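Visitor: This is my_file.cif (mmCIF, C-alpha atoms).
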data_structure
#
loop_
_atom_site.label_atom_id
_atom_site.label_comp_id
_atom_site.auth_asym_id
_atom_site.auth_seq_id
_atom_site.Cartn_x
_atom_site.Cartn_y
_atom_site.Cartn_z
CA MET J 137 24.38 11.38 -2.49
CA ASN J 138 21.56 13.92 -2.40
CA PHE J 139 19.16 12.81 0.27
CA SER J 140 15.83 14.48 0.99
CA ASN J 141 15.10 15.28 4.64
CA GLU J 142 12.75 12.28 4.72
CA GLN J 143 15.49 9.92 3.48
CA ARG J 144 18.00 11.36 5.94
CA ASP J 145 15.54 10.99 8.80
CA ALA J 146 14.94 7.34 7.89
CA VAL J 147 18.65 6.61 8.29
CA TYR J 148 18.71 8.38 11.66
CA GLU J 149 15.54 6.61 12.80
CA ALA J 150 17.15 3.23 12.11
CA ILE J 151 20.36 4.32 13.89
CA HIS J 152 18.61 5.67 16.99
CA ASN J 153 15.83 3.09 17.39
CA ARG J 154 17.77 -0.10 16.59
CA ARG J 155 17.88 -2.44 19.60
CA ASP J 156 19.63 -5.66 20.62
CA ILE J 157 16.81 -8.21 20.89
CA ARG J 158 16.63 -11.50 22.81
CA ARG J 159 12.95 -12.44 22.45
CA PHE J 160 11.78 -13.75 19.10
CA LEU J 161 8.56 -15.16 17.66
CA SER J 162 8.67 -18.47 15.81
CA THR J 163 7.10 -16.86 12.69
CA PRO J 164 9.15 -17.84 9.62
CA LEU J 165 11.30 -15.07 8.19
CA ASP J 166 10.85 -13.45 4.77
CA GLU J 167 13.72 -15.05 2.84
CA THR J 168 14.10 -12.17 0.39
CA ALA J 169 14.43 -9.73 3.30
CA ILE J 170 17.12 -11.96 4.84
CA LYS J 171 19.00 -11.98 1.52
CA ARG J 172 18.91 -8.17 1.44
CA ILE J 173 20.17 -8.02 5.05
CA LEU J 174 23.09 -10.35 4.28
CA LEU J 175 23.90 -8.39 1.12
CA ALA J 176 23.96 -5.21 3.23
CA GLY J 177 26.62 -6.95 5.34
CA HIS J 178 28.66 -7.83 2.26
CA HIS J 179 28.55 -4.17 1.16
CA ALA J 180 30.20 -2.93 4.34
CA PRO J 181 33.54 -1.14 4.05
CA SER J 182 36.57 -3.34 4.60
CA VAL J 183 40.24 -2.58 5.05
CA GLY J 184 42.04 -2.83 1.69
CA PHE J 185 38.70 -4.13 0.29
CA MET J 186 39.61 -7.52 1.85
CA GLN J 187 35.96 -8.46 2.61
CA PRO J 188 37.06 -10.92 5.31
CA TRP J 189 33.55 -12.11 6.17
CA ASP J 190 31.58 -15.32 5.61
CA PHE J 191 28.01 -16.00 6.73
CA ILE J 192 26.93 -19.36 8.19
CA LEU J 193 23.12 -19.48 8.20
CA VAL J 194 22.01 -21.73 11.05
CA SER J 195 18.39 -22.85 10.96
CA SER J 196 18.75 -26.48 12.11
CA ASP J 197 17.13 -26.99 15.53
CA SER J 198 19.79 -29.40 16.74
CA ILE J 199 22.63 -26.99 15.90
CA LYS J 200 20.73 -24.07 17.43
CA ASN J 201 20.41 -26.14 20.62
CA GLU J 202 24.14 -26.84 20.68
CA LEU J 203 24.92 -23.12 20.27
CA ALA J 204 22.44 -22.25 23.03
CA ALA J 205 24.10 -24.78 25.36
CA ALA J 206 27.53 -23.27 24.62
CA ALA J 207 26.15 -19.79 25.38
CA ASP J 208 24.53 -20.98 28.58
CA LYS J 209 27.86 -22.36 29.86
CA GLU J 210 29.41 -18.92 29.36
CA ARG J 211 26.48 -17.18 31.00
CA ARG J 212 26.83 -19.31 34.14
CA ALA J 213 30.61 -18.80 34.13
CA LEU J 214 30.17 -15.03 33.96
CA ALA J 215 27.67 -15.12 36.83
CA ILE J 216 30.51 -16.31 39.06
CA HIS J 217 32.46 -13.10 38.30
CA PHE J 218 29.39 -10.95 38.95
CA ALA J 219 28.75 -12.81 42.24
CA ALA J 220 31.97 -11.29 43.60
CA GLU J 221 30.47 -7.85 42.86
CA GLY J 222 27.07 -8.78 44.34
CA ARG J 223 25.42 -8.42 40.94
CA ASP J 224 24.87 -12.08 40.05
CA SER J 225 21.16 -12.33 40.83
CA LYS J 226 20.44 -9.25 38.73
CA PHE J 227 22.67 -10.61 35.96
CA LEU J 228 21.00 -14.02 36.01
CA SER J 229 17.58 -12.37 35.73
CA LEU J 230 18.58 -10.88 32.35
CA LYS J 231 17.80 -12.78 29.17
CA VAL J 232 21.10 -12.62 27.30
CA GLU J 233 20.36 -14.60 24.13
CA GLY J 234 17.52 -16.00 22.04
CA LEU J 235 19.42 -18.66 20.10
CA ARG J 236 16.77 -21.38 20.53
CA GLU J 237 13.76 -19.18 19.70
CA ALA J 238 15.14 -17.21 16.75
CA PRO J 239 14.25 -18.85 13.40
CA LEU J 240 17.71 -17.97 12.06
CA THR J 241 21.12 -17.37 13.61
CA VAL J 242 23.97 -16.20 11.40
CA CYS J 243 27.53 -16.82 12.49
CA ILE J 244 29.57 -14.08 10.82
CA THR J 245 33.24 -14.98 10.60
CA CYS J 246 36.54 -13.26 9.82
CA ASP J 247 39.21 -14.83 7.61
CA PRO J 248 42.46 -13.00 8.47
CA THR J 249 44.25 -14.60 5.49
CA ARG J 250 41.93 -13.15 2.86
CA GLY J 251 43.52 -10.62 0.54
CA GLY J 252 47.04 -11.98 0.82
CA ASP J 253 50.01 -11.26 3.07
CA HIS J 254 49.89 -7.46 2.98
CA VAL J 255 46.44 -5.96 2.94
CA LEU J 256 46.45 -2.23 2.19
CA GLY J 257 45.81 -0.40 5.45
CA ARG J 258 45.93 -3.53 7.61
CA ASN J 259 49.69 -3.60 7.73
CA SER J 260 49.73 -0.93 10.46
CA ILE J 261 46.63 -2.02 12.41
CA PRO J 262 46.07 -5.79 12.09
CA GLU J 263 42.72 -5.81 13.90
CA THR J 264 41.14 -3.77 11.09
CA ASP J 265 40.02 -7.15 9.73
CA ILE J 266 37.57 -7.76 12.62
CA LEU J 267 36.67 -4.05 12.64
CA SER J 268 35.53 -4.54 9.04
CA VAL J 269 33.37 -7.48 10.16
CA ALA J 270 31.83 -5.26 12.85
CA CYS J 271 30.92 -2.69 10.15
CA ALA J 272 29.17 -5.52 8.29
CA ILE J 273 27.30 -6.44 11.50
CA GLN J 274 26.12 -2.86 11.96
CA ASN J 275 24.95 -2.70 8.31
CA MET J 276 22.97 -5.89 8.89
CA TRP J 277 21.47 -4.50 12.08
CA LEU J 278 20.24 -1.33 10.42
CA ALA J 279 18.99 -3.27 7.38
CA ALA J 280 17.11 -5.64 9.70
CA TYR J 281 15.49 -2.67 11.43
CA ALA J 282 14.45 -1.27 8.04
CA GLU J 283 12.90 -4.67 7.22
CA GLY J 284 10.98 -4.88 10.50
CA ILE J 285 13.17 -7.78 11.64
CA ALA J 286 14.76 -7.92 15.10
CA MET J 287 18.43 -8.86 15.55
CA GLY J 288 20.42 -9.87 18.61
CA TRP J 289 24.23 -10.02 18.83
CA VAL J 290 25.35 -12.89 21.06
CA SER J 291 28.93 -12.83 22.37
CA PHE J 292 28.47 -15.37 25.18
CA TYR J 293 30.56 -18.26 23.91
CA LYS J 294 34.02 -19.72 23.74
CA LYS J 295 35.23 -19.56 20.16
CA ALA J 296 36.52 -23.14 20.34
CA ASP J 297 32.97 -24.35 21.11
CA VAL J 298 31.44 -22.48 18.16
CA ARG J 299 34.24 -23.65 15.84
CA ARG J 300 33.56 -27.25 16.84
CA ILE J 301 29.74 -27.00 16.53
CA LEU J 302 29.82 -25.28 13.12
CA ASN J 303 32.94 -27.05 11.74
CA ILE J 304 34.79 -23.75 11.30
CA PRO J 305 38.49 -24.11 10.35
CA PRO J 306 40.97 -23.17 13.10
CA HIS J 307 42.27 -20.00 11.38
CA ILE J 308 38.78 -18.52 10.88
CA ASP J 309 37.44 -16.28 13.67
CA PRO J 310 33.76 -16.83 14.63
CA THR J 311 33.33 -13.11 15.31
CA ALA J 312 29.65 -13.01 16.27
CA LEU J 313 26.41 -14.96 16.45
CA LEU J 314 23.52 -12.86 15.13
CA SER J 315 19.97 -14.03 15.79
CA PHE J 316 17.13 -12.87 13.54
CA GLY J 317 13.38 -13.07 13.99
CA TYR J 318 10.19 -11.09 14.30
CA THR J 319 9.37 -9.85 17.77
CA ASP J 320 6.48 -8.27 19.62
CA GLU J 321 8.78 -6.52 22.12
CA TYR J 322 10.96 -3.86 20.54
CA PRO J 323 11.98 -1.62 23.45
CA ASP J 324 12.49 2.13 23.15
CA GLN J 325 15.69 2.00 25.25
CA PRO J 326 18.66 -0.40 25.29
CA LEU J 327 17.73 -3.49 27.33
CA LEU J 328 20.57 -2.95 29.80
CA GLU J 329 19.52 0.68 30.33
CA LYS J 330 15.89 -0.37 30.86
CA ALA J 331 16.98 -3.04 33.34
CA GLY J 332 19.01 -0.47 35.32
CA TRP J 333 22.25 -2.35 34.55
CA ALA J 334 24.08 0.59 32.89
CA LYS J 335 23.39 4.22 31.91
CA ARG J 336 24.00 6.12 28.70
CA ASN J 337 27.02 8.42 28.97
CA SER J 338 26.41 12.11 28.34
CA PHE J 339 27.34 13.00 24.77
CA ASP J 340 29.33 16.10 25.75
CA SER J 341 31.52 14.09 28.13
CA LEU J 342 32.85 12.15 25.08
CA LEU J 343 33.95 15.15 23.00
CA HIS J 344 37.52 16.45 22.90
CA TYR J 345 38.96 19.24 20.74
CA ASP J 346 42.25 18.91 18.82
CA THR J 347 43.86 17.01 21.70
CA TRP J 348 42.61 14.58 24.38
CA ASN J 349 43.04 17.02 27.26
CA ASN J 350 41.05 19.88 25.68
CA LYS J 351 37.40 19.50 26.63
CA ASP J 352 36.43 23.07 25.73
CA GLY J 353 34.86 23.30 22.28
CA SER J 354 34.31 27.05 22.38
CA ARG J 355 38.02 27.86 21.82
CA MET F 692 9.81 -0.17 13.56
CA ASN F 693 7.35 0.11 10.70
CA PHE F 694 9.24 1.48 7.74
CA SER F 695 7.64 2.43 4.44
CA ASN F 696 9.34 1.11 1.30
CA GLU F 697 10.78 4.61 0.74
CA GLN F 698 12.32 4.68 4.23
CA ARG F 699 13.71 1.17 3.83
CA ASP F 700 15.20 2.07 0.45
CA ALA F 701 16.89 5.15 1.95
CA VAL F 702 18.72 2.92 4.45
CA TYR F 703 19.80 0.55 1.67
CA GLU F 704 20.88 3.43 -0.57
CA ALA F 705 23.18 4.75 2.17
CA ILE F 706 24.53 1.23 2.80
CA HIS F 707 25.21 0.45 -0.86
CA ASN F 708 26.46 3.84 -2.08
CA ARG F 709 28.64 4.86 0.90
CA ARG F 710 32.30 5.20 -0.15
CA ASP F 711 35.66 5.70 1.54
CA ILE F 712 36.78 9.15 0.37
CA ARG F 713 40.26 10.69 0.18
CA ARG F 714 39.62 13.93 -1.73
CA PHE F 715 37.90 16.75 0.09
CA LEU F 716 36.97 20.36 -0.64
CA SER F 717 38.02 23.07 1.81
CA THR F 718 34.37 24.23 2.17
CA PRO F 719 33.55 24.55 5.90
CA LEU F 720 31.30 21.83 7.29
CA ASP F 721 27.77 22.32 8.60
CA GLU F 722 28.38 22.10 12.37
CA THR F 723 24.87 20.86 13.19
CA ALA F 724 25.27 18.04 10.65
CA ILE F 725 28.60 17.08 12.27
CA LYS F 726 26.90 17.02 15.69
CA ARG F 727 24.23 14.65 14.32
CA ILE F 728 26.92 12.41 12.79
CA LEU F 729 28.82 12.20 16.08
CA LEU F 730 25.59 11.52 17.97
CA ALA F 731 24.87 8.68 15.52
CA GLY F 732 28.22 7.23 16.57
CA HIS F 733 27.33 7.50 20.24
CA HIS F 734 24.07 5.63 19.58
CA ALA F 735 25.83 2.57 18.20
CA PRO F 736 25.37 -0.74 20.00
CA SER F 737 28.11 -1.59 22.49
CA VAL F 738 28.95 -4.73 24.40
CA GLY F 739 27.36 -4.60 27.87
CA PHE F 740 26.35 -0.99 26.97
CA MET F 741 29.95 0.00 27.80
CA GLN F 742 30.07 2.82 25.18
CA PRO F 743 33.88 2.67 25.06
CA TRP F 744 34.29 5.54 22.56
CA ASP F 745 35.53 9.12 22.74
CA PHE F 746 35.71 11.57 19.84
CA ILE F 747 38.68 13.94 19.37
CA LEU F 748 37.70 16.60 16.82
CA VAL F 749 40.83 17.78 15.04
CA SER F 750 40.50 20.99 13.05
CA SER F 751 43.84 22.67 13.85
CA ASP F 752 46.03 22.85 10.74
CA SER F 753 49.26 22.17 12.62
CA ILE F 754 47.86 18.99 14.21
CA LYS F 755 46.37 17.85 10.89
CA ASN F 756 49.83 18.25 9.36
CA GLU F 757 51.40 16.15 12.10
CA LEU F 758 48.82 13.38 11.57
CA ALA F 759 49.39 13.52 7.80
CA ALA F 760 53.15 13.20 8.31
CA ALA F 761 52.60 10.15 10.57
CA ALA F 762 50.35 8.59 7.91
CA ASP F 763 52.87 9.30 5.16
CA LYS F 764 55.62 7.45 7.09
CA GLU F 765 53.38 4.40 7.23
CA ARG F 766 52.47 4.67 3.56
CA ARG F 767 56.12 4.67 2.54
CA ALA F 768 56.85 1.78 4.93
CA LEU F 769 54.05 -0.28 3.39
CA ALA F 770 55.34 0.45 -0.12
CA ILE F 771 58.47 -1.52 0.80
CA HIS F 772 56.33 -4.61 1.46
CA PHE F 773 54.43 -4.15 -1.80
CA ALA F 774 57.72 -3.70 -3.69
CA ALA F 775 58.53 -7.34 -2.94
CA GLU F 776 55.26 -8.25 -4.70
CA GLY F 777 55.92 -5.85 -7.62
CA ARG F 778 52.90 -3.75 -6.65
CA ASP F 779 54.66 -0.72 -5.16
CA SER F 780 54.29 1.68 -8.10
CA LYS F 781 50.57 0.96 -8.32
CA PHE F 782 50.25 1.30 -4.54
CA LEU F 783 52.14 4.59 -4.47
CA SER F 784 49.85 5.98 -7.19
CA LEU F 785 46.83 5.55 -4.89
CA LYS F 786 45.77 8.44 -2.69
CA VAL F 787 45.33 6.77 0.70
CA GLU F 788 44.33 9.67 2.95
CA GLY F 789 43.07 13.23 2.87
CA LEU F 790 44.10 14.34 6.35
CA ARG F 791 45.50 17.73 5.27
CA GLU F 792 42.59 18.67 2.99
CA ALA F 793 39.64 17.53 5.11
CA PRO F 794 38.24 20.37 7.26
CA LEU F 795 37.73 17.94 10.13
CA THR F 796 39.32 14.68 11.24
CA VAL F 797 37.86 12.79 14.16
CA CYS F 798 40.02 10.36 16.10
CA ILE F 799 37.61 7.81 17.56
CA THR F 800 39.13 5.98 20.51
CA CYS F 801 38.37 2.92 22.63
CA ASP F 802 38.71 2.89 26.42
CA PRO F 803 38.97 -0.79 27.42
CA THR F 804 38.56 0.08 31.11
CA ARG F 805 35.14 1.68 30.73
CA GLY F 806 32.30 -0.21 32.38
CA GLY F 807 34.43 -1.82 35.10
CA ASP F 808 36.28 -5.10 35.38
CA HIS F 809 33.60 -7.42 34.00
CA VAL F 810 31.58 -6.03 31.14
CA LEU F 811 28.55 -8.15 30.31
CA GLY F 812 29.32 -10.06 27.11
CA ARG F 813 32.94 -8.90 26.91
CA ASN F 814 34.12 -11.47 29.40
CA SER F 815 34.16 -14.18 26.71
CA ILE F 816 35.34 -12.06 23.74
CA PRO F 817 37.53 -9.17 24.94
CA GLU F 818 37.82 -7.51 21.52
CA THR F 819 34.09 -6.74 21.53
CA ASP F 820 35.14 -3.32 22.86
CA ILE F 821 36.81 -2.32 19.58
CA LEU F 822 34.05 -4.07 17.62
CA SER F 823 31.62 -1.69 19.35
CA VAL F 824 33.76 1.24 18.22
CA ALA F 825 33.63 -0.08 14.64
CA CYS F 826 29.81 -0.14 14.85
CA ALA F 827 29.98 3.53 15.87
CA ILE F 828 32.23 4.24 12.88
CA GLN F 829 29.76 2.59 10.50
CA ASN F 830 26.86 4.58 12.00
CA MET F 831 28.87 7.77 11.44
CA TRP F 832 29.64 6.77 7.86
CA LEU F 833 26.00 6.16 6.97
CA ALA F 834 24.93 9.34 8.79
CA ALA F 835 27.57 11.31 6.87
CA TYR F 836 26.24 9.88 3.60
CA ALA F 837 22.72 10.92 4.59
CA GLU F 838 24.03 14.44 5.29
CA GLY F 839 25.84 14.71 1.94
CA ILE F 840 29.21 14.67 3.71
CA ALA F 841 32.09 12.43 2.62
CA MET F 842 34.07 10.38 5.13
CA GLY F 843 37.39 8.58 4.87
CA TRP F 844 38.75 6.01 7.34
CA VAL F 845 42.53 6.27 7.69
CA SER F 846 44.38 3.32 9.25
CA PHE F 847 47.88 4.26 8.04
CA TYR F 848 49.58 5.14 11.29
CA LYS F 849 51.45 3.79 14.27
CA LYS F 850 49.26 4.14 17.34
CA ALA F 851 52.19 5.50 19.37
CA ASP F 852 52.52 8.40 16.90
CA VAL F 853 48.82 9.31 17.11
CA ARG F 854 48.85 8.98 20.91
CA ARG F 855 51.78 11.40 21.09
CA ILE F 856 50.32 13.92 18.62
CA LEU F 857 46.86 13.99 20.26
CA ASN F 858 48.02 13.50 23.89
CA ILE F 859 46.02 10.29 24.24
CA PRO F 860 46.67 8.32 27.49
CA PRO F 861 48.59 5.06 27.05
CA HIS F 862 45.64 2.78 27.91
CA ILE F 863 43.31 4.37 25.33
CA ASP F 864 43.28 2.85 21.83
CA PRO F 865 43.26 5.37 18.93
CA THR F 866 41.06 3.04 16.87
CA ALA F 867 40.58 5.13 13.72
CA LEU F 868 41.11 8.52 12.11
CA LEU F 869 37.97 9.62 10.27
CA SER F 870 38.20 12.55 7.87
CA PHE F 871 35.08 14.54 6.98
CA GLY F 872 34.45 17.06 4.24
CA TYR F 873 32.41 17.84 1.17
CA THR F 874 33.67 16.37 -2.06
CA ASP F 875 33.03 16.66 -5.77
CA GLU F 876 34.18 13.10 -6.45
CA TYR F 877 31.92 10.47 -4.90
CA PRO F 878 32.66 7.32 -6.91
CA ASP F 879 30.06 4.67 -7.71
CA GLN F 880 32.47 1.83 -6.85
CA PRO F 881 34.97 1.33 -4.01
CA LEU F 882 38.18 3.21 -4.86
CA LEU F 883 40.31 0.05 -4.72
CA GLU F 884 37.88 -1.74 -7.07
CA LYS F 885 37.92 1.20 -9.49
CA ALA F 886 41.72 1.29 -9.39
CA GLY F 887 41.89 -2.44 -10.22
CA TRP F 888 43.57 -3.19 -6.87
CA ALA F 889 40.99 -5.71 -5.61
CA LYS F 890 37.66 -7.21 -6.75
CA ARG F 891 34.37 -7.69 -4.94
CA ASN F 892 33.85 -11.32 -3.90
CA SER F 893 30.74 -13.04 -5.23
CA PHE F 894 27.98 -12.96 -2.62
CA ASP F 895 27.10 -16.66 -3.02
CA SER F 896 30.70 -17.71 -2.34
CA LEU F 897 30.34 -16.30 1.20
CA LEU F 898 27.20 -18.22 2.21
CA HIS F 899 27.28 -21.44 4.23
CA TYR F 900 24.34 -23.42 5.59
CA ASP F 901 24.21 -24.78 9.17
CA THR F 902 27.89 -25.68 9.07
CA TRP F 903 31.00 -24.22 7.37
CA ASN F 904 31.39 -27.11 4.92
CA ASN F 905 27.81 -27.03 3.60
CA LYS F 906 27.69 -24.61 0.65
CA ASP F 907 24.38 -25.92 -0.69
CA GLY F 908 21.44 -23.77 0.38
CA SER F 909 18.80 -25.82 -1.42
CA ARG F 910 18.77 -28.60 1.20
#
Using structure tokens, write down the structure that the file contains.

Guide:
Amino acid sequence: MNFSNEQRDAVYEAIHNRRDIRRFLSTPLDETAIKRILLAGHHAPSVGFMQPWDFILVSSDSIKNELAAAADKERRALAIHFAAEGRDSKFLSLKVEGLREAPLTVCITCDPTRGGDHVLGRNSIPETDILSVACAIQNMWLAAYAEGIAMGWVSFYKKADVRRILNIPPHIDPTALLSFGYTDEYPDQPLLEKAGWAKRNSFDSLLHYDTWNNKDGSR
Amino acid sequence: MNFSNEQRDAVYEAIHNRRDIRRFLSTPLDETAIKRILLAGHHAPSVGFMQPWDFILVSSDSIKNELAAAADKERRALAIHFAAEGRDSKFLSLKVEGLREAPLTVCITCDPTRGGDHVLGRNSIPETDILSVACAIQNMWLAAYAEGIAMGWVSFYKKADVRRILNIPPHIDPTALLSFGYTDEYPDQPLLEKAGWAKRNSFDSLLHYDTWNNKDGSR
């Protein structure tokens, strides 16, 4: 736990430059790098050390096409909600997933039954199981960045569709679809910021001191 | 996005060696390091770029004591469940939080209303708001490791208690309490593994290929 400045800066570079990617090249992935990325996911923290995750590695074209069709249904459904706000044409111009192009998509799942009836620390806050899975996703994202591999998190789907396509048992949560591939477009800003869809909040506006209502850090 | 092997290894070292810590020294924290850790949280990915997080920095002793008392209630309540499994004495021997000792505890929250009525990508999977907060937590954990600062995630509390103690509005979720401090005990294994409470699952047992039921990667 004694990092040099160079090591520290590498961690921060991955954290600050990591992006959610939707355009992938068809170049095959380095399998040993993918193994390291998945292992980084498995070494995430988890509530009560329950390790609720599984990884379904999807590389079959026909299954990728089925997932892409399920995502496209959701995208068109969401456009209807944005139409009411007058934002549907902008929304529909965004590329929201790269499931067909990416050489590999990993469905990371959450098994809420793992670790028995009373998982230490999950008794009070049940959703700490999926929060653990999200920590695994973030580990994988940073590991992918360090490997020069782009990742995209797709959340445009109905869980029932993904369960059916991937034969996932009913009690297992298909928490996220994560696409991996090389890319020649790694933007320097979040895609939605670049597209003028949303802005980054000011850091200071998010800080509170001792209690919610105290916004003055000088005290 | 072109990391040297040394930079890549630094990211993996933080990922693999990061631990959940409950014993802290009273040494004051480096404030600029804490700022960088919080900023790493703010630069996490978030669904539809909604950035649902806020950070309440708790350093007042009286408020730390109130949080510790709320956590202790939950710890004793959970012991009753473990008693039925004959694991209560082992459970009660574990130190599950360091809220009183840690110089700083950050309550990271989730505002589900941020970003308007229809957040891109959250329409299908509403809990992607708290998953985004968990990504911020993992960024902070790895940043803390890179800074030589220990972090502990406390989930032993009733949200109503933490809302009352920190004056958090009813619609805001107090997702986690994160304690920060220096430590002289940074274990090489997860605390619960070291204590014989739970084991790490084998990596291969978590891998599936194309569909859930296919466990054979050789294809």

Visitor: At a cut-off of 12 Å, using all atoms listed in the file, what residues contact Arg300 (chain J)? Leave out same-chain residues fewer than 6 positions from it and give the result as a VMD selection string.

Guide: (chain J and resid 199 202 to 203 206 293 to 294 306 308 310) or (chain F and resid 902 to 903)

Visitor: On this file, the PyMOL selection byres ((chain J and resi 280) around 10) gives some set of residues; write that set as JSON, numbers by chain.

Guide: {"J": [150, 154, 169, 170, 172, 173, 174, 176, 274, 275, 276, 277, 278, 279, 281, 282, 283, 284, 285, 286, 287, 316, 317, 318], "F": [692, 699]}

Visitor: If I take CA of Glu876 (chain F) and CA of Ile712 (chain F), how far is one from the other in Å, to one decimal?

Guide: 8.3 Å

Visitor: I'd like the residues picked by the PyMOL selection byres ((chain J and resi 288) around 10) written out as a CSV table (one decimal) with C-alpha atoms, in the coordinates of the input, using the chain letters and numbers from the file.

Guide:
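Contents of part10.csv, freshly written:
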chain,number,residue,atom,x,y,z
J,155,ARG,CA,17.9,-2.4,19.6
J,156,ASP,CA,19.6,-5.7,20.6
J,157,ILE,CA,16.8,-8.2,20.9
J,158,ARG,CA,16.6,-11.5,22.8
J,159,ARG,CA,13.0,-12.4,22.4
J,160,PHE,CA,11.8,-13.8,19.1
J,232,VAL,CA,21.1,-12.6,27.3
J,233,GLU,CA,20.4,-14.6,24.1
J,234,GLY,CA,17.5,-16.0,22.0
J,235,LEU,CA,19.4,-18.7,20.1
J,238,ALA,CA,15.1,-17.2,16.8
J,241,THR,CA,21.1,-17.4,13.6
J,277,TRP,CA,21.5,-4.5,12.1
J,286,ALA,CA,14.8,-7.9,15.1
J,287,MET,CA,18.4,-8.9,15.6
J,289,TRP,CA,24.2,-10.0,18.8
J,290,VAL,CA,25.4,-12.9,21.1
J,291,SER,CA,28.9,-12.8,22.4
J,313,LEU,CA,26.4,-15.0,16.4
J,314,LEU,CA,23.5,-12.9,15.1
J,315,SER,CA,20.0,-14.0,15.8
J,316,PHE,CA,17.1,-12.9,13.5
J,317,GLY,CA,13.4,-13.1,14.0

Visitor: So how many Å separate CA of Val810 (chain F) and CA of Phe191 (chain J), to one decimal?

Guide: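 CA of Phe191 (chain J) lies 26.6 Å from CA of Val810 (chain F).
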
Visitor: Using the chain letters and numbers from this file, what does the PyMOL selection byres ((chain J and resi 246-250) around 8) select? Give the answer as a PyMOL selection string.

Guide: chain J and resi 186-190+244-245+251-253+265-266+269+307-311

Visitor: Just add all heavy atoms to region 318-322 of chain J and send it as a PDB file, keeping the file's coordinate frame.

Guide:
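Output file result.pdb is given in full below:
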ATOM      1  N   TYR J 318      11.163 -12.134  13.982  1.00  0.00           N
ATOM      2  CA  TYR J 318      10.190 -11.090  14.300  1.00  0.00           C
ATOM      3  C   TYR J 318      10.020 -11.074  15.821  1.00  0.00           C
ATOM      4  O   TYR J 318      10.321 -12.057  16.514  1.00  0.00           O
ATOM      5  CB  TYR J 318       8.861 -11.351  13.593  1.00  0.00           C
ATOM      6  CG  TYR J 318       9.022 -11.380  12.088  1.00  0.00           C
ATOM      7  CD1 TYR J 318       8.989 -12.590  11.383  1.00  0.00           C
ATOM      8  CD2 TYR J 318       9.233 -10.199  11.375  1.00  0.00           C
ATOM      9  CE1 TYR J 318       9.163 -12.614  10.006  1.00  0.00           C
ATOM     10  CE2 TYR J 318       9.408 -10.220   9.997  1.00  0.00           C
ATOM     11  CZ  TYR J 318       9.377 -11.440   9.322  1.00  0.00           C
ATOM     12  OH  TYR J 318       9.563 -11.466   7.963  1.00  0.00           O
ATOM     13  N   THR J 319       9.562  -9.947  16.329  1.00  0.00           N
ATOM     14  CA  THR J 319       9.370  -9.850  17.770  1.00  0.00           C
ATOM     15  C   THR J 319       8.148  -9.001  18.063  1.00  0.00           C
ATOM     16  O   THR J 319       7.744  -8.190  17.219  1.00  0.00           O
ATOM     17  CB  THR J 319      10.618  -9.240  18.455  1.00  0.00           C
ATOM     18  OG1 THR J 319      10.509  -9.394  19.874  1.00  0.00           O
ATOM     19  CG2 THR J 319      10.778  -7.750  18.142  1.00  0.00           C
ATOM     20  N   ASP J 320       7.549  -9.199  19.226  1.00  0.00           N
ATOM     21  CA  ASP J 320       6.480  -8.270  19.620  1.00  0.00           C
ATOM     22  C   ASP J 320       6.928  -7.359  20.766  1.00  0.00           C
ATOM     23  O   ASP J 320       6.121  -6.639  21.348  1.00  0.00           O
ATOM     24  CB  ASP J 320       5.180  -9.014  19.971  1.00  0.00           C
ATOM     25  CG  ASP J 320       5.407 -10.156  20.939  1.00  0.00           C
ATOM     26  OD1 ASP J 320       6.498 -10.216  21.548  1.00  0.00           O
ATOM     27  OD2 ASP J 320       4.503 -10.994  21.077  1.00  0.00           O
ATOM     28  N   GLU J 321       8.226  -7.395  21.073  1.00  0.00           N
ATOM     29  CA  GLU J 321       8.780  -6.520  22.120  1.00  0.00           C
ATOM     30  C   GLU J 321       9.999  -5.824  21.575  1.00  0.00           C
ATOM     31  O   GLU J 321      11.105  -6.362  21.633  1.00  0.00           O
ATOM     32  CB  GLU J 321       9.257  -7.369  23.313  1.00  0.00           C
ATOM     33  CG  GLU J 321       8.190  -7.946  24.186  1.00  0.00           C
ATOM     34  CD  GLU J 321       8.832  -8.698  25.358  1.00  0.00           C
ATOM     35  OE1 GLU J 321       9.568  -8.074  26.147  1.00  0.00           O
ATOM     36  OE2 GLU J 321       8.615  -9.919  25.461  1.00  0.00           O
ATOM     37  N   TYR J 322       9.814  -4.622  21.036  1.00  0.00           N
ATOM     38  CA  TYR J 322      10.960  -3.860  20.540  1.00  0.00           C
ATOM     39  C   TYR J 322      11.104  -2.625  21.420  1.00  0.00           C
ATOM     40  O   TYR J 322      10.421  -1.621  21.208  1.00  0.00           O
ATOM     41  CB  TYR J 322      10.775  -3.477  19.066  1.00  0.00           C
ATOM     42  CG  TYR J 322      12.095  -3.336  18.328  1.00  0.00           C
ATOM     43  CD1 TYR J 322      12.662  -4.423  17.680  1.00  0.00           C
ATOM     44  CD2 TYR J 322      12.779  -2.135  18.316  1.00  0.00           C
ATOM     45  CE1 TYR J 322      13.889  -4.312  17.021  1.00  0.00           C
ATOM     46  CE2 TYR J 322      14.002  -2.014  17.661  1.00  0.00           C
ATOM     47  CZ  TYR J 322      14.543  -3.105  17.011  1.00  0.00           C
ATOM     48  OH  TYR J 322      15.760  -3.003  16.373  1.00  0.00           O
TER      49      TYR J 322
END
